[in-house]
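Working notes for the structure below.
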Amino acid sequence: MSSITITRPDDWHLHLRDGEQLRAVLPHTAKQFARAIIMPNLKPPVVTVDRVLAYRARILAALPASLQSGFEPLMTLYLTDNTPPSEIIRAKESGVVQGVKLYPAGATTHSDAGVTDIAQCYATLEAMEQNNLPLLVHGEVTDPDVDVFDKEKVFIDRILAPLTQRFPDLRIVFEHVTTRDAVAFVKESSSHVAATITAHHLLLNRNAIFQGGIRPHHFCLPVLKREIHRQALLEAATGGDPKFFLGTDSAPHSQASKENACGCAGIFTAHAAIELYAAAFEQAGALDKLEAFASFHGADFYQLARNKDSITLNKESWVIPEQLEFAGEKLIPLFAGESLAWKMV
Ligand code: NCD
Ligand code: ZN
């Protein structure tokens, strides 16, 4: 095969940041994807519908003229211990909020305003269940006694499984799943539970973090896992199950904040998102499954129309730049300086 054409994909989990950084990274996503679910972990976090609307306006204003009609940001509200049920009604009525993001407080970048105790949120989650507004979950416990590689599994047992029992009609996206335990949980759950999978978790296992030395550009949260888990993710992504769909979790941090004694978590993949997924699907001999994963399952779960136009990928080797401009700093993209086999036309 030398070329594939698929319905234009959407990115169901994306970090765009703000200001000059937003302007620097947004074109990478907008040239490939029709829509993206925009994460609300800004400083300050996007905890009210008013902030959502203002952030959405800043994203639209940051789009280059050539991409202005072609990209739609799908917005999310940042859940806190104190988000009132009335804010859920406002979110629903706004028509632009597609989900509410649960960050356990302290779990990841800019999550300190997140939820400290899920029981604080029950009334708000009930409002989401009643108003058909999905909950998007960063599925890791923050308990410092839990091993970093077990945080996702423990989150399922302690928080997520009980939550699906208590709110059976709440639609939940288990974001960036990284373990076979998470895959199994999603498969066993009702049709209200789905998951996104990143390209980097499909392509890399945890050895990549220590390949010949410590590799800050392979550090993200949830952290890369063992090969058996990567295999389970690949099977889930390529298996045709509509519960699994594309979410890059592309998360830009400057070179200086990554290559640091306490480096930030986050891998930037927006520069070659669909090509990276194509590489993973090709390795699994499942390129024919890419379109449903990238372009159908997410839209169906979010109850949005599938895109009408298409994109084409050519089998054409190209080299990823060593670095990208990032608001006066440098951004190191995943696989900087390495070559990829597929290129979007
Ligand atoms: C994300 C970020 O930098 O905002 N980092 C990451 O490693 N994925 C936050 C997140 O999604 O956990
Ligand atoms: Zn994320």
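We label chains A, B, ... in the order they appear in the structure tokens, count residues from 1 in each chain, and number ligands from 1 in the order shown.
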Task: Given 7 Å and only C-alpha atoms and all ligand atoms, residues near ligand 2 as a list in words - done: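 Checking only C-alpha atoms and all ligand atoms against ligand 2 at 7 Å gives His13, Leu14, His15, Met39, Asp249 and Ala251 of chain A.
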Save the residues we just selected, N, CA, C and O atoms, as a PDB file, in the first residue's frame?
```pdb
ATOM      1  N   HIS A  13      -8.356  14.119  23.033  1.00  0.00           N
ATOM      2  CA  HIS A  13      -7.656  14.521  24.271  1.00  0.00           C
ATOM      3  C   HIS A  13      -6.419  15.331  23.882  1.00  0.00           C
ATOM      4  O   HIS A  13      -5.437  14.784  23.391  1.00  0.00           O
ATOM      5  N   LEU A  14      -6.477  16.639  24.134  1.00  0.00           N
ATOM      6  CA  LEU A  14      -5.389  17.512  23.668  1.00  0.00           C
ATOM      7  C   LEU A  14      -5.134  18.653  24.645  1.00  0.00           C
ATOM      8  O   LEU A  14      -6.063  19.265  25.166  1.00  0.00           O
ATOM      9  N   HIS A  15      -3.842  18.962  24.833  1.00  0.00           N
ATOM     10  CA  HIS A  15      -3.434  20.138  25.618  1.00  0.00           C
ATOM     11  C   HIS A  15      -2.932  21.214  24.665  1.00  0.00           C
ATOM     12  O   HIS A  15      -1.947  21.004  23.952  1.00  0.00           O
ATOM     13  N   MET A  39      -8.165  20.136  26.798  1.00  0.00           N
ATOM     14  CA  MET A  39      -8.025  19.951  28.242  1.00  0.00           C
ATOM     15  C   MET A  39      -7.997  21.307  28.963  1.00  0.00           C
ATOM     16  O   MET A  39      -7.434  22.282  28.441  1.00  0.00           O
ATOM     17  N   ASP A 249      -3.238  13.195  23.777  1.00  0.00           N
ATOM     18  CA  ASP A 249      -2.632  13.734  24.996  1.00  0.00           C
ATOM     19  C   ASP A 249      -1.346  14.492  24.674  1.00  0.00           C
ATOM     20  O   ASP A 249      -0.417  14.525  25.481  1.00  0.00           O
ATOM     21  N   ALA A 251       1.122  17.075  24.837  1.00  0.00           N
ATOM     22  CA  ALA A 251       1.248  17.951  26.009  1.00  0.00           C
ATOM     23  C   ALA A 251       2.580  18.687  25.947  1.00  0.00           C
ATOM     24  O   ALA A 251       3.600  18.180  26.429  1.00  0.00           O
TER      25      ALA A 251
END
```
Task: Close residues to ligand 1 using only C-alpha atoms and all ligand atoms, limit 10 Å, as a PyMOL selection string - done: chain A and resi 13-17+39-42+103+107-111+137-140+175-176+198+218-224+248-253+264-268
Task: Nearest to A:Ser295, chosen from A:Ala184, A:Leu74, A:Leu204, A:Ile311, with only C-alpha atoms counted in the distances - done: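 Under the stated criterion, the closest residue is A:Ile311.
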TODO: For A:Ser86, list every protein, DNA or RNA residue within 12 Å, evaluated using only C-alpha atoms, and leave out those in the same chain fewer than 2 positions away; present the list as a PyMOL selection string.
DONE: chain A and resi 48-49+82-84+88-93+123-128+131
Would you export the selected residues with C-alpha atoms as a PDB file, in the first residue's frame, please?
```
ATOM      1  CA  THR A  48     -16.289  27.938  35.177  1.00  0.00           C
ATOM      2  CA  VAL A  49     -18.331  28.151  32.006  1.00  0.00           C
ATOM      3  CA  ASN A  82     -16.611  22.824  44.758  1.00  0.00           C
ATOM      4  CA  THR A  83     -18.047  22.731  41.235  1.00  0.00           C
ATOM      5  CA  PRO A  84     -21.775  23.246  41.871  1.00  0.00           C
ATOM      6  CA  ILE A  88     -23.226  21.673  34.977  1.00  0.00           C
ATOM      7  CA  ILE A  89     -26.581  23.044  33.838  1.00  0.00           C
ATOM      8  CA  ARG A  90     -24.822  26.158  32.545  1.00  0.00           C
ATOM      9  CA  ALA A  91     -22.231  24.000  30.797  1.00  0.00           C
ATOM     10  CA  LYS A  92     -24.908  21.961  29.086  1.00  0.00           C
ATOM     11  CA  GLU A  93     -26.860  25.063  28.084  1.00  0.00           C
ATOM     12  CA  ALA A 123     -24.240  15.968  43.497  1.00  0.00           C
ATOM     13  CA  THR A 124     -22.350  17.420  40.548  1.00  0.00           C
ATOM     14  CA  LEU A 125     -21.781  13.987  38.984  1.00  0.00           C
ATOM     15  CA  GLU A 126     -25.483  13.305  39.380  1.00  0.00           C
ATOM     16  CA  ALA A 127     -26.229  16.507  37.475  1.00  0.00           C
ATOM     17  CA  MET A 128     -23.865  15.334  34.726  1.00  0.00           C
ATOM     18  CA  ASN A 131     -27.821  16.129  31.704  1.00  0.00           C
TER      19      ASN A 131
END
```
TODO: Do a neighbour search on A:Ala57 at 12 Å with only C-alpha atoms, toss out local chain neighbours closer than 5 positions, and write the hits as a VMD selection string.
DONE: chain A and resid 18 to 19 50 to 52 62 to 63 72 to 75 96
